[in-house]
>>> print(open('model-v4.txt').read())   # compact mmCIF, C-alpha atoms
# COMPACT_ATOMS: atom_id res chain seq x y z
CA MET N 1 18.32 29.64 -23.04
CA THR N 2 16.36 28.33 -26.03
CA GLU N 3 19.41 26.43 -27.26
CA ARG N 4 19.86 24.87 -23.85
CA ARG N 5 16.24 23.72 -23.64
CA GLY N 6 16.55 22.29 -27.08
CA SER N 7 19.63 20.31 -26.10
CA TRP N 8 18.00 18.40 -23.27
CA LEU N 9 15.03 17.66 -25.47
CA VAL N 10 17.32 16.27 -28.17
CA VAL N 11 19.13 14.14 -25.58
CA ALA N 12 15.82 12.94 -24.10
CA GLU N 13 14.45 12.06 -27.53
CA GLN N 14 17.55 10.08 -28.40
CA GLU N 15 17.57 8.30 -25.04
CA LEU N 16 13.88 7.44 -25.32
CA ARG N 17 14.41 6.06 -28.81
CA ASP N 18 17.38 3.98 -27.65
CA LEU N 19 15.46 2.69 -24.64
CA TRP N 20 12.14 1.84 -26.25
CA LEU N 21 13.03 0.98 -29.83
CA ALA N 22 16.40 -0.67 -29.46
CA GLY N 23 17.09 -1.09 -25.76
CA ARG N 24 15.74 -2.85 -22.71
CA GLY N 25 12.52 -0.88 -22.30
CA LEU N 26 10.10 -3.37 -23.83
CA PRO N 27 11.80 -6.55 -22.49
CA LEU N 28 11.71 -5.02 -19.00
CA THR N 29 8.04 -4.16 -19.47
CA LEU N 30 7.40 -7.74 -20.58
CA ALA N 31 9.01 -9.06 -17.39
CA PHE N 32 6.96 -6.58 -15.38
CA THR N 33 3.67 -7.71 -16.97
CA LEU N 34 4.58 -11.36 -16.39
CA VAL N 35 5.04 -10.70 -12.66
CA LEU N 36 1.70 -8.91 -12.47
CA SER N 37 0.01 -11.65 -14.54
CA VAL N 38 1.10 -14.41 -12.16
CA MET N 39 -0.05 -12.43 -9.14
CA THR N 40 -3.38 -11.52 -10.71
CA TYR N 41 -4.06 -15.11 -11.78
CA LEU N 42 -3.36 -16.48 -8.31
CA THR N 43 -5.54 -13.85 -6.69
CA ALA N 44 -8.42 -14.07 -9.13
CA THR N 45 -8.69 -17.85 -9.02
CA ASN N 46 -8.78 -17.93 -5.22
CA THR N 47 -12.45 -18.72 -4.66
CA ALA N 48 -12.24 -18.16 -0.91
CA LEU N 49 -11.47 -14.50 -1.44
CA ASN N 50 -13.68 -12.32 0.72
CA PHE N 51 -14.47 -8.68 0.21
CA LEU N 52 -11.64 -7.29 2.30
CA GLU N 53 -9.12 -9.67 0.81
CA GLN N 54 -10.08 -8.37 -2.60
CA ARG N 55 -9.11 -4.85 -1.55
CA GLU N 56 -5.91 -6.29 -0.15
CA SER N 57 -5.18 -8.05 -3.41
CA VAL N 58 -5.58 -4.75 -5.30
CA ASN N 59 -3.24 -3.17 -2.77
CA LEU N 60 -0.72 -5.99 -3.12
CA THR N 61 -0.74 -5.73 -6.91
CA LEU N 62 -0.36 -1.98 -6.69
CA GLN N 63 2.48 -2.18 -4.20
CA VAL N 64 4.33 -4.71 -6.34
CA ALA N 65 3.77 -2.47 -9.37
CA VAL N 66 5.19 0.53 -7.50
CA ALA N 67 8.12 -1.43 -6.06
CA VAL N 68 9.09 -3.18 -9.31
CA GLY N 69 8.48 -0.01 -11.33
CA ALA N 70 10.77 1.90 -8.98
CA LEU N 71 13.37 -0.85 -9.27
CA LEU N 72 13.29 -0.57 -13.06
CA VAL N 73 13.77 3.20 -12.87
CA LEU N 74 16.74 2.68 -10.56
CA LEU N 75 18.27 0.12 -12.92
CA GLY N 76 17.78 2.48 -15.85
CA SER N 77 19.35 5.47 -14.12
CA ALA N 78 22.16 3.50 -12.45
CA ASP N 79 23.28 2.37 -15.89
CA ALA N 80 22.77 5.72 -17.59
CA LEU N 81 26.19 7.35 -17.05
CA SER N 82 28.46 4.55 -15.88
CA GLY N 83 27.12 2.41 -18.76
CA GLU N 84 28.06 5.07 -21.32
CA ARG N 85 31.46 5.34 -19.66
CA GLU N 86 32.00 1.58 -19.79
CA ARG N 87 30.86 1.31 -23.41
CA GLY N 88 33.27 4.11 -24.32
CA THR N 89 30.51 6.42 -25.58
CA LEU N 90 30.61 8.99 -22.78
CA GLU N 91 33.49 10.92 -24.32
CA SER N 92 31.57 11.68 -27.50
CA LEU N 93 28.56 12.69 -25.39
CA LEU N 94 30.68 15.06 -23.32
CA LEU N 95 32.13 16.58 -26.50
CA SER N 96 28.66 17.33 -27.87
CA PRO N 97 27.31 20.90 -27.60
CA ALA N 98 24.87 19.81 -24.90
CA SER N 99 25.82 20.81 -21.37
CA ARG N 100 26.31 18.16 -18.69
CA LEU N 101 23.02 19.18 -17.11
CA ASP N 102 21.24 18.70 -20.44
CA LEU N 103 22.79 15.25 -20.81
CA VAL N 104 21.75 14.20 -17.33
CA ALA N 105 18.26 15.73 -17.68
CA GLY N 106 17.68 13.83 -20.92
CA LYS N 107 18.77 10.57 -19.32
CA ALA N 108 16.63 11.30 -16.26
CA LEU N 109 13.54 11.69 -18.44
CA ALA N 110 14.28 8.42 -20.21
CA ALA N 111 14.64 6.63 -16.85
CA LEU N 112 11.35 8.14 -15.64
CA SER N 113 9.59 6.96 -18.79
CA ILE N 114 10.10 3.37 -17.55
CA TRP N 115 7.92 4.17 -14.55
CA LEU N 116 5.23 5.83 -16.65
CA VAL N 117 5.04 2.79 -18.94
CA ALA N 118 5.00 0.48 -15.89
CA VAL N 119 2.06 2.31 -14.34
CA LEU N 120 0.19 2.15 -17.66
CA ALA N 121 0.92 -1.58 -17.86
CA ALA N 122 -0.42 -2.07 -14.32
CA VAL N 123 -3.78 -0.42 -15.06
CA PRO N 124 -5.46 -3.49 -16.69
CA TYR N 125 -4.53 -5.67 -13.70
CA VAL N 126 -5.74 -3.13 -11.14
CA TRP N 127 -8.92 -2.70 -13.17
CA PHE N 128 -9.55 -6.43 -13.28
CA LEU N 129 -9.10 -6.90 -9.54
CA GLY N 130 -10.64 -3.65 -8.37
CA HIS N 131 -13.54 -2.73 -10.66
CA GLY N 132 -16.04 -4.85 -8.73
CA VAL N 133 -15.34 -2.98 -5.53
CA GLY N 134 -15.06 0.45 -7.13
CA LEU N 135 -11.37 0.85 -6.43
CA VAL N 136 -9.79 1.45 -9.81
CA ALA N 137 -9.65 5.26 -9.93
CA VAL N 138 -8.42 5.64 -6.35
CA ALA N 139 -5.87 2.85 -6.69
CA VAL N 140 -4.44 4.06 -10.01
CA ALA N 141 -4.31 7.72 -8.92
CA GLY N 142 -2.74 6.84 -5.57
CA GLY N 143 -0.23 4.49 -7.20
CA LEU N 144 0.66 7.13 -9.78
CA VAL N 145 1.31 9.82 -7.17
CA VAL N 146 3.26 7.65 -4.73
CA GLY N 147 5.13 5.79 -7.47
CA THR N 148 6.12 8.99 -9.27
CA LEU N 149 7.53 10.51 -6.08
CA LEU N 150 9.54 7.36 -5.40
CA ALA N 151 10.63 7.07 -9.04
CA VAL N 152 11.96 10.65 -9.05
CA PHE N 153 13.91 9.92 -5.87
CA LEU N 154 15.39 6.69 -7.22
CA MET N 155 16.13 8.31 -10.57
CA GLY N 156 18.24 10.97 -8.81
CA LEU N 157 19.91 8.38 -6.61
CA GLY N 158 20.77 6.18 -9.60
CA LEU N 159 22.15 9.08 -11.63
CA VAL N 160 24.37 10.47 -8.89
CA VAL N 161 25.75 7.02 -8.03
CA SER N 162 26.25 6.33 -11.73
CA ALA N 163 28.10 9.64 -12.19
CA LEU N 164 30.41 8.87 -9.27
CA SER N 165 31.02 5.17 -9.98
CA GLY N 166 34.13 3.90 -11.68
CA SER N 167 32.28 0.94 -13.17
CA ASN N 168 28.76 -0.02 -14.13
CA ARG N 169 28.87 -3.05 -11.85
CA LEU N 170 29.68 -0.87 -8.86
CA SER N 171 26.92 1.58 -9.71
CA LEU N 172 24.30 -1.18 -9.97
CA SER N 173 25.53 -2.89 -6.79
CA VAL N 174 25.41 0.29 -4.70
CA CYS N 175 21.97 1.23 -6.04
CA LEU N 176 20.49 -2.22 -5.40
CA PHE N 177 21.93 -2.28 -1.90
CA VAL N 178 20.41 1.11 -1.10
CA LEU N 179 17.07 0.01 -2.57
CA LEU N 180 17.05 -3.15 -0.44
CA ALA N 181 17.87 -1.08 2.64
CA LEU N 182 14.98 1.26 1.82
CA PHE N 183 12.58 -1.66 1.40
CA ALA N 184 13.71 -3.38 4.62
CA PRO N 185 11.39 -1.41 6.95
CA THR N 186 8.37 -2.50 4.87
CA GLN N 187 9.11 -6.07 5.95
CA LEU N 188 9.09 -5.33 9.67
CA PRO N 189 6.44 -7.29 11.55
CA GLY N 190 3.38 -5.28 12.61
CA GLY N 191 4.43 -4.90 16.25
CA ALA N 192 7.90 -3.61 15.38
CA GLY N 193 6.52 -0.41 13.92
CA GLN N 194 4.56 0.55 17.01
CA GLY N 195 7.19 2.16 19.24
CA TRP N 196 8.35 5.69 18.52
CA VAL N 197 11.55 4.38 16.92
CA GLY N 198 9.59 2.01 14.71
CA GLU N 199 7.18 4.73 13.66
CA LEU N 200 10.05 7.14 13.04
CA ILE N 201 11.71 4.62 10.74
CA GLN N 202 8.46 3.93 8.92
CA ARG N 203 7.63 7.60 8.52
CA GLY N 204 11.19 8.56 7.58
CA ASP N 205 11.68 5.84 4.98
CA PRO N 206 10.11 7.05 1.72
CA MET N 207 9.32 3.49 0.57
CA SER N 208 7.62 2.41 3.80
CA SER N 209 5.67 5.61 4.25
CA GLY N 210 4.60 5.77 0.60
CA LEU N 211 3.39 2.16 0.59
CA HIS N 212 1.72 2.68 3.98
CA TYR N 213 -0.21 5.61 2.53
CA LEU N 214 -1.30 3.49 -0.44
CA GLY N 215 -2.46 0.73 1.91
CA LYS N 216 -4.59 3.14 3.92
CA LEU N 217 -6.09 4.52 0.73
CA VAL N 218 -6.91 1.18 -0.86
CA VAL N 219 -7.51 -1.30 1.97
CA ASP N 220 -8.96 0.95 4.66
CA ALA N 221 -10.76 3.22 2.18
CA HIS N 222 -9.38 6.33 3.87
CA SER N 223 -9.79 9.67 2.11
CA THR N 224 -6.79 11.08 0.25
CA GLY N 225 -6.17 13.72 2.92
CA GLN N 226 -6.61 11.50 5.97
CA ASP N 227 -3.07 10.10 6.02
CA ILE N 228 -1.40 12.82 3.97
CA ALA N 229 1.40 13.20 6.57
CA TRP N 230 2.68 9.81 5.42
CA LEU N 231 3.50 11.40 2.05
CA LEU N 232 5.98 13.81 3.63
CA ALA N 233 8.96 11.46 3.29
CA PRO N 234 8.24 10.60 -0.38
CA VAL N 235 7.84 14.31 -1.20
CA VAL N 236 11.11 15.19 0.53
CA ALA N 237 12.77 12.21 -1.18
CA ALA N 238 11.54 13.39 -4.59
CA ALA N 239 13.02 16.85 -3.91
CA VAL N 240 16.29 15.17 -2.92
CA GLY N 241 16.08 13.16 -6.14
CA ILE N 242 15.88 16.34 -8.22
CA LEU N 243 18.83 17.84 -6.35
CA ALA N 244 20.76 14.60 -6.84
CA THR N 245 20.09 14.80 -10.58
CA VAL N 246 21.60 18.29 -10.66
CA ALA N 247 24.50 17.03 -8.53
CA ALA N 248 25.04 14.15 -10.96
CA ALA N 249 25.60 16.67 -13.74
CA ARG N 250 28.14 18.47 -11.57
CA PHE N 251 30.01 15.27 -10.68
CA LEU N 252 29.97 13.83 -14.19
CA THR N 253 33.50 13.29 -15.47
CA LEU N 254 34.94 11.14 -18.22
CA ARG N 255 36.58 8.67 -15.87
CA GLY N 256 34.38 8.82 -12.80
CA GLY N 257 35.70 6.66 -10.02
CA THR N 258 34.96 8.78 -6.97
CA LEU N 259 33.16 5.63 -5.77
CA SER N 260 35.60 2.80 -6.37
CA MET E 1 -28.31 -3.92 66.50
CA LYS E 2 -28.89 -1.07 64.14
CA ARG E 3 -25.13 -0.45 63.94
CA VAL E 4 -24.53 -4.12 63.10
CA ALA E 5 -27.13 -3.94 60.32
CA VAL E 6 -25.50 -0.81 58.84
CA LEU E 7 -22.09 -2.49 59.07
CA LEU E 8 -23.36 -5.62 57.32
CA ALA E 9 -25.01 -3.55 54.59
CA THR E 10 -21.78 -1.61 54.04
CA ILE E 11 -19.77 -4.84 53.82
CA ALA E 12 -22.31 -6.23 51.38
CA LEU E 13 -22.05 -3.12 49.16
CA VAL E 14 -18.26 -2.97 49.23
CA GLY E 15 -17.94 -6.67 48.62
CA ALA E 16 -20.51 -6.77 45.87
CA ASP E 17 -18.97 -7.57 42.48
CA ASP E 18 -20.07 -5.97 39.25
CA ALA E 19 -21.61 -9.16 37.90
CA GLY E 20 -25.21 -8.64 36.99
CA ALA E 21 -24.93 -4.95 37.76
CA ALA E 22 -24.91 -4.04 34.08
CA THR E 23 -27.16 -4.82 31.17
CA VAL E 24 -26.25 -4.48 27.50
CA ASP E 25 -28.79 -3.60 24.83
CA LEU E 26 -28.39 -3.10 21.10
CA ASN E 27 -30.46 -0.61 19.12
CA ARG E 28 -30.81 -3.09 16.25
CA THR E 29 -31.55 -6.79 16.23
CA HIS E 30 -31.68 -7.47 12.49
CA VAL E 31 -29.67 -6.06 9.60
CA ALA E 32 -29.90 -7.03 5.95
CA THR E 33 -26.98 -5.81 3.88
CA ARG E 34 -24.64 -6.69 1.03
CA ILE E 35 -21.04 -7.70 1.22
CA GLY E 36 -18.66 -4.77 1.38
CA HIS E 37 -21.21 -2.38 2.88
CA ASP E 38 -20.68 -0.60 6.20
CA PHE E 39 -23.31 -0.25 8.88
CA THR E 40 -23.36 1.01 12.44
CA PHE E 41 -25.24 0.05 15.56
CA THR E 42 -25.19 1.25 19.14
CA SER E 43 -24.88 -0.70 22.33
CA THR E 44 -26.14 0.81 25.56
CA ILE E 45 -24.60 -0.33 28.83
CA ARG E 46 -26.85 0.36 31.79
CA ASN E 47 -25.69 0.29 35.39
CA THR E 48 -28.55 -1.24 37.32
CA SER E 49 -26.88 -0.95 40.72
CA ASP E 50 -26.64 1.85 43.25
CA GLN E 51 -22.85 1.92 42.95
CA PRO E 52 -20.80 3.40 40.12
CA LEU E 53 -19.33 0.80 37.77
CA SER E 54 -15.76 1.26 36.71
CA GLY E 55 -13.11 -0.75 34.93
CA LEU E 56 -15.46 -2.27 32.37
CA VAL E 57 -14.51 -3.42 28.90
CA ALA E 58 -16.93 -3.87 26.00
CA HIS E 59 -15.96 -6.32 23.29
CA LEU E 60 -17.56 -6.92 19.90
CA ASN E 61 -17.82 -10.51 18.70
CA VAL E 62 -18.68 -11.80 15.25
CA LEU E 63 -19.48 -15.36 14.25
CA SER E 64 -21.08 -17.20 11.37
CA SER E 65 -24.26 -19.17 11.91
CA ASP E 66 -23.40 -21.27 8.87
CA PRO E 67 -21.01 -24.13 9.63
CA GLY E 68 -17.99 -24.05 7.36
CA THR E 69 -17.83 -20.29 6.98
CA TYR E 70 -14.68 -18.88 8.54
CA VAL E 71 -15.08 -15.42 10.00
CA ASP E 72 -12.14 -13.27 11.02
CA PRO E 73 -13.65 -10.64 13.37
CA GLU E 74 -10.63 -8.38 12.79
CA ASP E 75 -11.82 -7.91 9.20
CA TRP E 76 -15.26 -6.80 10.36
CA SER E 77 -14.20 -4.05 12.71
CA ALA E 78 -10.83 -2.52 13.46
CA HIS E 79 -11.89 -1.35 16.95
CA ARG E 80 -13.60 -4.24 18.66
CA THR E 81 -12.47 -3.55 22.21
CA ARG E 82 -13.51 -0.41 24.10
CA TYR E 83 -12.46 0.52 27.60
CA LEU E 84 -15.37 2.24 29.28
CA SER E 85 -15.30 5.20 31.61
CA THR E 86 -17.13 4.91 34.94
CA VAL E 87 -20.87 4.41 34.60
CA PRO E 88 -22.78 6.26 37.37
CA PRO E 89 -25.43 4.46 39.46
CA HIS E 90 -28.48 3.79 37.27
CA GLY E 91 -26.72 5.61 34.47
CA THR E 92 -25.97 4.50 30.93
CA THR E 93 -23.17 4.76 28.45
CA ALA E 94 -23.57 4.26 24.72
CA ILE E 95 -20.99 2.91 22.30
CA SER E 96 -21.28 3.16 18.54
CA TRP E 97 -19.79 0.31 16.51
CA GLN E 98 -18.89 0.60 12.87
CA VAL E 99 -18.85 -2.70 11.07
CA LYS E 100 -18.08 -3.77 7.51
CA ALA E 101 -19.83 -6.84 6.11
CA VAL E 102 -16.97 -9.00 4.92
CA ASN E 103 -18.50 -12.50 4.63
CA THR E 104 -21.80 -13.58 3.10
CA GLY E 105 -24.52 -15.63 4.79
CA SER E 106 -26.04 -15.60 8.26
CA ILE E 107 -23.80 -13.76 10.68
CA THR E 108 -24.34 -13.02 14.34
CA ILE E 109 -22.86 -10.12 16.26
CA TYR E 110 -23.03 -9.53 19.98
CA VAL E 111 -21.38 -7.28 22.54
CA ALA E 112 -19.96 -8.59 25.79
CA VAL E 113 -19.19 -6.39 28.80
CA LEU E 114 -16.86 -7.62 31.49
CA PRO E 115 -14.64 -6.17 34.20
CA ARG E 116 -10.99 -5.68 33.32
CA GLN E 117 -9.91 -7.85 36.22
CA GLY E 118 -11.35 -10.51 38.49
CA SER E 119 -13.51 -13.52 37.78
CA ASP E 120 -16.89 -11.82 37.67
CA SER E 121 -19.39 -12.97 35.12
CA VAL E 122 -19.78 -11.46 31.67
CA ASP E 123 -22.82 -9.44 30.63
CA VAL E 124 -23.88 -10.09 27.08
CA SER E 125 -26.22 -8.28 24.71
CA GLN E 126 -28.96 -9.91 22.68
CA PRO E 127 -27.67 -11.11 19.28
CA LEU E 128 -27.73 -8.89 16.23
CA ARG E 129 -28.63 -11.14 13.30
CA LEU E 130 -27.22 -10.24 9.91
CA GLU E 131 -28.15 -11.49 6.48
CA VAL E 132 -25.33 -10.57 4.13
CA GLN E 133 -26.05 -11.01 0.47
CA GLU E 134 -23.42 -11.84 -2.07
CA ARG E 135 -22.24 -9.28 -4.59
CA ARG E 136 -20.22 -10.57 -7.48
CA THR E 137 -17.05 -8.55 -7.42
CA LEU E 138 -14.59 -10.65 -9.37
CA ASN E 139 -15.15 -12.61 -12.54
CA SER E 140 -12.21 -14.97 -12.32
CA GLY E 141 -13.23 -16.61 -15.59
CA GLY E 142 -12.09 -13.55 -17.47
CA VAL E 143 -8.63 -13.52 -16.00
CA VAL E 144 -6.95 -15.87 -18.49
CA PRO E 145 -7.23 -13.57 -21.55
CA LEU E 146 -5.72 -10.76 -19.48
CA VAL E 147 -2.84 -12.63 -17.83
CA LEU E 148 -1.84 -14.34 -21.07
CA GLY E 149 -2.91 -11.76 -23.60
CA PHE E 150 -1.32 -8.66 -22.16
CA PRO E 151 2.23 -10.03 -21.82
CA ALA E 152 1.82 -11.61 -25.29
CA LEU E 153 0.92 -8.19 -26.65
CA VAL E 154 4.00 -6.60 -25.06
CA ALA E 155 6.17 -9.49 -26.34
CA ALA E 156 4.80 -9.06 -29.85
CA LEU E 157 5.46 -5.32 -29.65
CA SER E 158 9.01 -5.96 -28.48
CA VAL E 159 9.75 -8.50 -31.21
CA GLY E 160 8.08 -6.36 -33.88
CA THR E 161 10.11 -3.30 -32.89
CA ARG E 162 13.36 -5.23 -33.02
CA LEU E 163 12.56 -6.85 -36.36
CA ARG E 164 11.60 -3.52 -37.85
CA ARG E 165 14.78 -1.93 -36.60
CA ARG E 166 16.90 -4.80 -37.88
CA ARG E 167 15.24 -4.62 -41.29
CA ARG E 168 15.84 -0.89 -41.39
CA THR E 169 19.50 -1.33 -40.41
CA MET E 170 20.05 -4.01 -43.06
CA GLY E 171 18.20 -1.95 -45.67
CA GLY E 172 20.05 1.27 -44.84
>>> encode(input="model-v4.txt", output="structure tokens")
Amino acid sequence: MTERRGSWLVVAEQELRDLWLAGRGLPLTLAFTLVLSVMTYLTATNTALNFLEQRESVNLTLQVAVAVGALLVLLGSADALSGERERGTLESLLLSPASRLDLVAGKALAALSIWLVAVLAAVPYVWFLGHGVGLVAVAVAGGLVVGTLLAVFLMGLGLVVSALSGSNRLSLSVCLFVLLALFAPTQLPGGAGQGWVGELIQRGDPMSSGLHYLGKLVVDAHSTGQDIAWLLAPVVAAAVGILATVAAARFLTLRGGTLS
Amino acid sequence: MKRVAVLLATIALVGADDAGAATVDLNRTHVATRIGHDFTFTSTIRNTSDQPLSGLVAHLNVLSSDPGTYVDPEDWSAHRTRYLSTVPPHGTTAISWQVKAVNTGSITIYVAVLPRQGSDSVDVSQPLRLEVQERRTLNSGGVVPLVLGFPALVAALSVGTRLRRRRRTMGG
């Protein structure tokens, strides 16, 4: 048991080093901060901003941070196994003493670290926009909770698709398509979400319901428990994400190609 | 003759519209507050007639007394329209309104009560005058160091990490 725990920690450490010291971690974070910088500049220099719009701008920044952060986690996990396979390094990984579950768990932690760095990078922007209206703590805490649930879900999704895909390109394409489909309900016009079908879609889609909860928390100043039912889908999705991570370990083979 | 008089009175009562049968009063006429703060006030709708009043709608309106200030009433209150239950003869019904001060300056709020259908006149409350003071919530002057400095810091970290790694690889 001790040996097994040690293995996933060794894999995670190696993955984190590869991601943040030699890989795409910091360039991706740079792109993320540039997006938030442009948005914050445009918002902050808008002199016609009224009080409510300021709350909305904090919410917008937070939602973009959650959405882009989740996208980065998905990209990281979608590349994790199919990328190793394509680079010809999966075989040596599979021959190592670490079990498949340890390998996948280590890669999952590395993918999740992208989200944690993204949320840390978003804090200065949220602070700048929200400190005048006393929103920083609520916004950061809400964003952290919702974003982490979504990140765990997307991490699991990315890993299982990556384990099943015959190529890295296929893995990334499938993951991006699913992500776009999940974000689609957030773009529905206000009236479309009012019927029972519309509400069902919004409540059932983890992205829509998670971002809806954040909006209520930040813009409408609702208490954390007032709209807690909207967190049901993200919580279920996070549980599915963990199961998918375990499934990815089970489906991991040298050649992959179940999805081809 | 007496029967005709009763008949005419009945016709007059049945045919009477609700216009002028209600009055609307607010419990506050002046409020001084700061932007972003919530406040509440109550409107009381009184039925001044001998007949019950039904099918009334109360609507909250917000406008700026300063020309050039755009006010979006939706921002001020999420529930600006209330459908009232029947008000008994000479009875009253009270509605509480929760409002958030969203714009600065001189703002006026009033409540209008009108029947859901028909062309009867509208009963309007006296105005509630607001003086909303500014509260500086965003120092846009300080945004440039953040939006340029933070990505620059991450870029420097990224370049530094790569250079250090390259140096180590070449050295080792």
>>> interface_residues(input="model-v4.txt", of="chain N", to="chain E", cutoff="7 Å", atoms="only C-alpha atoms", output="list of chain:residue names")
N:Leu21, N:Ala22, N:Leu26, N:Pro27, N:Leu30, N:Thr33, N:Leu34, N:Ser37, N:Tyr41, N:Ala44, N:Thr45, N:Asn50, N:Phe51, N:Leu52, N:Leu129, N:Gly132, N:Val133
>>> residues_near_point(input="model-v4.txt", point="(-24.4, -6.6, 26.3)", cutoff="12 Å", atoms="only C-alpha atoms", output="PyMOL selection string")
chain E and resi 20-27+42-47+56-61+93-95+109-114+121-128
>>> atom_distance(input="model-v4.txt", atom1="CA of Gln54 in chain N", atom2="CA of Ala31 in chain N")
24.2 Å
>>> residues_around(input="model-v4.txt", residues="Ala181 in chain N", least_positions_apart="5", cutoff="12 Å", atoms="only C-alpha atoms", output="list in words")
Val174, Cys175, Leu176, Thr186, Gln187, Ile201, Asp205, Pro206, Met207 and Ser208 of chain N
>>> residues_around(input="model-v4.txt", residues="Asp79 in chain N", least_positions_apart="6", cutoff="8 Å", atoms="all atoms listed in the file", output="PyMOL selection string")
chain N and resi 158+162+168+171-172
>>> residues_near_point(input="model-v4.txt", point="(24.9, 15.0, -12.3)", cutoff="7 Å", atoms="all atoms listed in the file", output="list in words")
Leu101, Val104, Leu159, Val160, Ala163, Ala244, Thr245, Val246, Ala247, Ala248, Ala249, Arg250, Phe251 and Leu252 of chain N
>>> closest_residue(input="model-v4.txt", among="N:Ala221, N:Leu120, N:Leu16, N:Met155", to="Leu71 in chain N", atoms="all atoms listed in the file")
N:Met155
>>> atom_distance(input="model-v4.txt", atom1="CA of Pro124 in chain N", atom2="CA of Leu149 in chain N")
21.8 Å
